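Okay, structure first, notes after.
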Amino acid sequence: MNARGNGSGNGPAPNGSTGAPVIRMRDVHKAFGPKKVLQGIDLDVGERESVVIIGGSGTGKSVTLKCILGLLEPDKGSIKVDGEEVVGLTGQARDRINAKFGMLFQGAALFDSLSIWENVAFGLIQGRGMGRAEAKKVAIEKMGMVGLGKHVADLFPAEMSVGMQKRAGLARAIAADPEIVFFDEPTTGLDPIMADVINELIVHVVKDVGCSALTITHDMASARKIANRVAMLYEGRIIWAGPVDQIDRSGNEYLDQFIHGRPEGPIQLQVRAL
Amino acid sequence: MNFVALIGRAFLGFLATAGRLVLFALAGVSHIFRPPYYYRLIWRQMVDIGYYSLPVVGLTGLFAGMVLALQSYTGFARFSAEGAVATVVVLSMTRELGPVLAGLMVAGRIGASIAAEIGTMRVTEQIDALTTLATNPFKYLVAPRLFAGITMLPILVLVADIIGIFGGYVVSVYKLEFNAPNYLKRSWEFLEVIDVVSGLVKASVFGFLVTLMGCYQGYNSKRGAQGVGAATTNAVVASSILILIFNYIITELFFSK
Ligand SMILES: Nc1ncnc2c1ncn2[C@@H]1O[C@H](COP(=O)(O)OP(=O)(O)OP(=O)(O)O)[C@@H](O)[C@H]1O
Ligand SMILES: [Mg+2]
């Protein structure tokens, strides 16, 4: 299997990982009917490490995150969070694990019956039992970190642009001070300046706050900025994983083609020429 | 293909769906009783299902009672039994028409909106987001709606009964020129507690069925706008049919000797 890429991990510890892994995926498989999406994912996220997953559209990046979060059940394989096996956990045991997580969904997934500040404060009020007045204060502070002013606090998601929704989703993900944050394409739909603000925020969350982060992105500039380590997903496996400063000299032709966005190369897109 | 195998497969498919529905219902009901309770959400659902359905249910009851008086009068006149109109209106409203018509109207109004709302939450990953925020979707979404359905439908039906009987009275007294005190006396004469109670029990069951089907269809909605549309249709159709089936079953339980 490793013929395709170098240094990818089927071994006990994929290279480059620092510290004890807070997330450790081994041989994770997931299929939807006949469609095999994940075919043996091995991935580690170390403590206070920022890992970025890159890969083509529809390769299963979001599915990978949902498996870790317990929203999808892997068909096979092991996922450990802080050393504890989480595949198959349900109910309160799952809630206890998820309390460590903060997740930004690809489509933001804001609750559209709640105002923005209530969305951001949701985990504080429901999960932590914080009072509404105090939670609102925290929510407005977190909204400030993603560039959303006080005046949008009482708006509803349907009244905001997609980029604003995305940022509100990001604020919600970090509101309850999670240990591990997952960001599914945090910068898509943002203008370049705002994208950079968000990049800075993710760096801040990892460097200063001390979170571990697993981010999906198509934006290579963003990946270079926020990642300690990059993992490339292709055909259901991590075909390359390594420190971010090695992506330009990985010698992996799949990775090279991807980061330079070349149409010709080993990755064949299923599109017909005009 | 083997015909028997075909029937067998269809039957197994039906059993699987029924089993899933029962498990869903059990999970939803069990969360009604387990803390934490989301009072704010429960209150909002009760207002939505109870208060905002009042005009629809009230109008339905009014016209049902009115037409009941008119029909039974013209029918009973053929064998000079006009005197029974009052009794017929009261018994039909409380035992059958009140709960069934209110149930069907609420199925259209509430069942559809629950399925659409929860279905949209499913396809836009809001239900996933709830889970990741350590909030159980059954407790947060399903239980408040089931509770509101079970408790509010009897109240709605009581209102429909009263308005329906009033509608029958108005038509009888002002159009068919019945003697008012006589009509009223006739109305109460044969009415028993069980008539009203059976209607309210039906209402409670119907409220449960409507909210359950709305939640179930929405929760299991397929992706995309089409999925939500199908969930909405299925919720209304399934709960309407279930209302008619359970109406028969409950009537059988209460009144068959
Ligand atoms: N719930 C589901 N049911 C069936 N198939 C699914 C489901 N979720 C995802 N898939 C399939 O799994 C594959 C991977 O989906 P996924 O959303 O993980 O892609 P992705 O890598 O995140 O792509 P993108 O970069 O476009 O977001 C897709 O082909 C999709 O059709
Ligand atoms: Mg995705």
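Scheme for the structure tokens: letters A, B, ... for chains in order shown; per-chain residue numbers from 1; ligand numbers from 1 in order shown.
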
Taking the DSSP assignment computed from this structure's backbone, write out as a CSV table (one decimal) with all heavy atoms, in the first residue's frame all residues of segment 110-143 of chain B that belong to alpha helix (DSSP H).
```
chain,number,residue,atom,x,y,z
B,112,ALA,N,-47.0,18.5,9.8
B,112,ALA,CA,-46.2,18.9,8.7
B,112,ALA,C,-45.1,19.9,9.1
B,112,ALA,O,-43.9,19.8,8.7
B,112,ALA,CB,-47.1,19.6,7.6
B,113,SER,N,-45.4,20.8,10.0
B,113,SER,CA,-44.4,21.8,10.4
B,113,SER,C,-43.3,21.1,11.2
B,113,SER,O,-42.1,21.5,11.1
B,113,SER,CB,-45.0,23.0,11.1
B,113,SER,OG,-45.2,22.7,12.4
B,114,ILE,N,-43.6,20.2,12.1
B,114,ILE,CA,-42.6,19.5,12.8
B,114,ILE,C,-41.7,18.7,11.9
B,114,ILE,O,-40.4,18.8,12.0
B,114,ILE,CB,-43.2,18.5,13.9
B,114,ILE,CG1,-43.9,19.3,15.0
B,114,ILE,CG2,-42.2,17.6,14.5
B,114,ILE,CD1,-44.6,18.4,16.0
B,115,ALA,N,-42.3,18.0,11.0
B,115,ALA,CA,-41.4,17.2,10.0
B,115,ALA,C,-40.5,18.1,9.2
B,115,ALA,O,-39.3,17.8,9.0
B,115,ALA,CB,-42.3,16.4,9.1
B,116,ALA,N,-41.1,19.2,8.8
B,116,ALA,CA,-40.2,20.2,8.0
B,116,ALA,C,-39.1,20.8,8.8
B,116,ALA,O,-38.0,20.8,8.4
B,116,ALA,CB,-41.1,21.2,7.4
B,117,GLU,N,-39.5,21.2,10.0
B,117,GLU,CA,-38.4,21.8,10.9
B,117,GLU,C,-37.3,20.8,11.3
B,117,GLU,O,-36.1,21.1,11.1
B,117,GLU,CB,-39.1,22.4,12.1
B,117,GLU,CG,-38.1,23.2,12.9
B,117,GLU,CD,-38.7,23.8,14.2
B,117,GLU,OE1,-40.0,23.6,14.4
B,117,GLU,OE2,-38.0,24.4,14.9
B,118,ILE,N,-37.7,19.7,11.8
B,118,ILE,CA,-36.7,18.7,12.2
B,118,ILE,C,-36.0,18.1,11.0
B,118,ILE,O,-34.8,17.9,11.0
B,118,ILE,CB,-37.3,17.6,13.0
B,118,ILE,CG1,-37.9,18.2,14.3
B,118,ILE,CG2,-36.3,16.5,13.4
B,118,ILE,CD1,-38.4,17.2,15.3
B,119,GLY,N,-36.7,18.0,9.8
B,119,GLY,CA,-36.0,17.5,8.6
B,119,GLY,C,-35.0,18.5,8.1
B,119,GLY,O,-33.9,18.1,7.7
B,120,THR,N,-35.3,19.8,8.2
B,120,THR,CA,-34.3,20.8,7.8
B,120,THR,C,-33.1,20.8,8.7
B,120,THR,O,-32.0,20.9,8.3
B,120,THR,CB,-35.0,22.2,7.8
B,120,THR,OG1,-36.1,22.1,6.9
B,120,THR,CG2,-34.0,23.2,7.2
B,121,MET,N,-33.4,20.6,10.0
B,121,MET,CA,-32.3,20.5,11.0
B,121,MET,C,-31.4,19.3,10.7
B,121,MET,O,-30.2,19.4,10.8
B,121,MET,CB,-32.9,20.4,12.4
B,121,MET,CG,-33.5,21.7,12.9
B,121,MET,SD,-34.0,21.6,14.6
B,121,MET,CE,-32.4,21.7,15.4
B,122,ARG,N,-32.1,18.2,10.2
B,122,ARG,CA,-31.3,17.0,9.9
B,122,ARG,C,-30.4,17.3,8.7
B,122,ARG,O,-29.2,17.0,8.7
B,122,ARG,CB,-32.2,15.8,9.6
B,122,ARG,CG,-31.6,14.7,8.9
B,122,ARG,CD,-30.5,14.0,9.7
B,122,ARG,NE,-31.0,13.3,10.8
B,122,ARG,CZ,-30.2,12.9,11.8
B,122,ARG,NH1,-28.9,13.2,11.8
B,122,ARG,NH2,-30.7,12.3,12.9
B,123,VAL,N,-31.0,17.8,7.6
B,123,VAL,CA,-30.2,18.0,6.4
B,123,VAL,C,-29.1,19.1,6.5
B,123,VAL,O,-28.1,19.1,5.8
B,123,VAL,CB,-31.0,18.1,5.1
B,123,VAL,CG1,-32.0,17.0,5.0
B,123,VAL,CG2,-31.8,19.4,5.1
B,126,GLN,N,-27.9,20.4,11.8
B,126,GLN,CA,-28.1,21.0,13.1
B,126,GLN,C,-28.3,19.9,14.1
B,126,GLN,O,-28.0,20.1,15.3
B,126,GLN,CB,-29.3,21.9,13.0
B,126,GLN,CG,-29.1,23.2,12.2
B,126,GLN,CD,-30.4,24.0,12.1
B,126,GLN,OE1,-31.1,24.3,13.1
B,126,GLN,NE2,-30.8,24.4,10.9
B,127,ILE,N,-28.8,18.8,13.7
B,127,ILE,CA,-29.0,17.7,14.7
B,127,ILE,C,-27.7,17.1,15.1
B,127,ILE,O,-27.4,16.9,16.3
B,127,ILE,CB,-30.0,16.6,14.2
B,127,ILE,CG1,-31.4,17.2,14.0
B,127,ILE,CG2,-30.0,15.4,15.1
B,127,ILE,CD1,-32.4,16.3,13.6
B,128,ASP,N,-26.8,17.0,14.1
B,128,ASP,CA,-25.4,16.6,14.4
B,128,ASP,C,-24.7,17.6,15.4
B,128,ASP,O,-24.0,17.3,16.3
B,128,ASP,CB,-24.5,16.5,13.2
B,128,ASP,CG,-24.9,15.3,12.3
B,128,ASP,OD1,-25.6,14.4,12.8
B,128,ASP,OD2,-24.6,15.3,11.1
B,129,ALA,N,-25.0,18.9,15.1
B,129,ALA,CA,-24.4,19.9,15.9
B,129,ALA,C,-24.9,19.8,17.4
B,129,ALA,O,-24.1,20.0,18.3
B,129,ALA,CB,-24.7,21.3,15.4
B,130,LEU,N,-26.2,19.5,17.5
B,130,LEU,CA,-26.7,19.3,18.9
B,130,LEU,C,-25.9,18.3,19.6
B,130,LEU,O,-25.5,18.4,20.8
B,130,LEU,CB,-28.2,18.9,18.8
B,130,LEU,CG,-29.3,19.9,18.8
B,130,LEU,CD1,-30.6,19.1,18.7
B,130,LEU,CD2,-29.2,20.8,20.0
B,131,THR,N,-25.7,17.1,18.9
B,131,THR,CA,-25.0,16.0,19.5
B,131,THR,C,-23.6,16.4,20.0
B,131,THR,O,-23.2,16.1,21.1
B,131,THR,CB,-25.0,14.8,18.6
B,131,THR,OG1,-26.3,14.6,18.0
B,131,THR,CG2,-24.5,13.6,19.3
B,132,THR,N,-22.9,17.2,19.1
B,132,THR,CA,-21.6,17.5,19.4
B,132,THR,C,-21.5,18.5,20.6
B,132,THR,O,-20.5,18.7,21.2
B,132,THR,CB,-20.8,18.1,18.2
B,132,THR,OG1,-21.5,19.3,17.8
B,132,THR,CG2,-20.7,17.2,17.1
B,137,PRO,N,-30.6,15.1,21.1
B,137,PRO,CA,-31.7,15.5,20.2
B,137,PRO,C,-33.1,15.0,20.6
B,137,PRO,O,-34.1,15.7,20.4
B,137,PRO,CB,-31.3,15.0,18.8
B,137,PRO,CG,-30.0,14.4,18.9
B,137,PRO,CD,-29.6,14.3,20.3
B,143,ALA,N,-38.8,15.1,22.7
B,143,ALA,CA,-39.6,15.0,24.0
B,143,ALA,C,-40.6,16.2,24.2
B,143,ALA,O,-41.8,16.1,24.5
B,143,ALA,CB,-38.7,14.8,25.2
```

Wanna dump the chain B-ligand 1 contacts at 12 Å for me, each residue with its shortest atom pair and the distance in Å to one decimal, counting only C-alpha atoms and all ligand atoms, ordered by chain and number, as a Markdown table?
```
| residue | atom | partner | partner_atom_place_in_ligand_line | distance |
| --- | --- | --- | --- | --- |
| B:Arg122 | CA | ligand 1 | 1 (N) | 10.5 |
| B:Val123 | CA | ligand 1 | 1 (N) | 9.5 |
| B:Thr124 | CA | ligand 1 | 1 (N) | 11.7 |
| B:Glu125 | CA | ligand 1 | 1 (N) | 10.3 |
| B:Asp128 | CA | ligand 1 | 1 (N) | 11.2 |
| B:Asn220 | CA | ligand 1 | 1 (N) | 11.2 |
| B:Ser221 | CA | ligand 1 | 1 (N) | 11.0 |
| B:Lys222 | CA | ligand 1 | 1 (N) | 8.9 |
| B:Arg223 | CA | ligand 1 | 1 (N) | 8.0 |
| B:Gly224 | CA | ligand 1 | 1 (N) | 11.3 |
```

**Study point:** Near-ligand residues for ligand 2, threshold 12 Å, only C-alpha atoms and all ligand atoms, as a PyMOL selection string
**Key:** chain A and resi 53-66+104-108+183-186+188+215-218+233

Quick one: write out the picked residues with C-alpha atoms as a JSON list (two decimals), in the first residue's frame?
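Just written: selection_12.json:
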```
[["chain", "number", "residue", "atom", "x", "y", "z"],
["A", 53, "ILE", "CA", -6.34, 17.24, 6.44],
["A", 54, "ILE", "CA", -6.26, 18.05, 2.76],
["A", 55, "GLY", "CA", -7.67, 16.08, -0.12],
["A", 56, "GLY", "CA", -10.02, 16.26, -3.06],
["A", 57, "SER", "CA", -13.70, 17.00, -2.82],
["A", 58, "GLY", "CA", -15.70, 13.97, -1.82],
["A", 59, "THR", "CA", -12.75, 11.92, -0.58],
["A", 60, "GLY", "CA", -14.24, 11.57, 2.90],
["A", 61, "LYS", "CA", -12.67, 14.36, 4.94],
["A", 62, "SER", "CA", -15.93, 15.37, 6.57],
["A", 63, "VAL", "CA", -16.80, 11.70, 7.09],
["A", 64, "THR", "CA", -13.51, 11.26, 8.96],
["A", 65, "LEU", "CA", -14.42, 14.04, 11.38],
["A", 66, "LYS", "CA", -17.92, 12.69, 11.85],
["A", 104, "LEU", "CA", -17.30, 23.81, 13.19],
["A", 105, "PHE", "CA", -19.45, 22.14, 10.56],
["A", 106, "GLN", "CA", -18.82, 22.68, 6.88],
["A", 107, "GLY", "CA", -22.21, 24.37, 6.53],
["A", 108, "ALA", "CA", -21.93, 26.10, 9.93],
["A", 183, "PHE", "CA", -12.83, 22.85, 11.86],
["A", 184, "ASP", "CA", -14.42, 21.73, 8.61],
["A", 185, "GLU", "CA", -13.26, 24.28, 6.02],
["A", 186, "PRO", "CA", -13.13, 27.31, 8.32],
["A", 188, "THR", "CA", -14.21, 28.85, 2.64],
["A", 215, "THR", "CA", -8.79, 21.17, 10.45],
["A", 216, "ILE", "CA", -10.02, 20.37, 6.97],
["A", 217, "THR", "CA", -9.18, 22.85, 4.28],
["A", 218, "HIS", "CA", -8.77, 23.26, 0.55],
["A", 233, "LEU", "CA", -6.48, 11.87, 2.16]]
```

Check your understanding: Of the candidates B:Gly28, B:Met93, B:Glu252, B:Tyr37, which shows the shortest atom-to-atom distance to Phe208 of chain B, using only C-alpha atoms?
Key ->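 The answer is B:Gly28, which sits nearest to Phe208 of chain B.
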
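Here the question is which of A:Gly144, A:Gly40, A:Gly129, A:Gly149 gets nearest to chain B using only C-alpha atoms, and that residue is A:Gly129.
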
Review point. Which one is closest to chain A: B:Thr135, B:Ser240, B:Ser172, B:Thr87? Count only C-alpha atoms.
Key: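 For chain A, the nearest of the candidates is B:Thr135.
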
**Study point:** Shell around Leu97 of chain B at 10 Å using only C-alpha atoms, local window under 2 positions removed, as a count of residues only
**Key:** 22

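Selecting strand (DSSP E) from the backbone DSSP output for segment 129-210 of chain A yields Ile180, Val181, Phe182, Phe183 and Asp184 of chain A.
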
Check your understanding: Which polymer residues have any atom within 12 Å of an atom of Met160 of chain A, counting only C-alpha atoms, with same-chain residues fewer than 4 positions away left out, as number ranges by chain?
Key -> A: 108, 110, 112, 115-116, 148, 151-156, 164-169
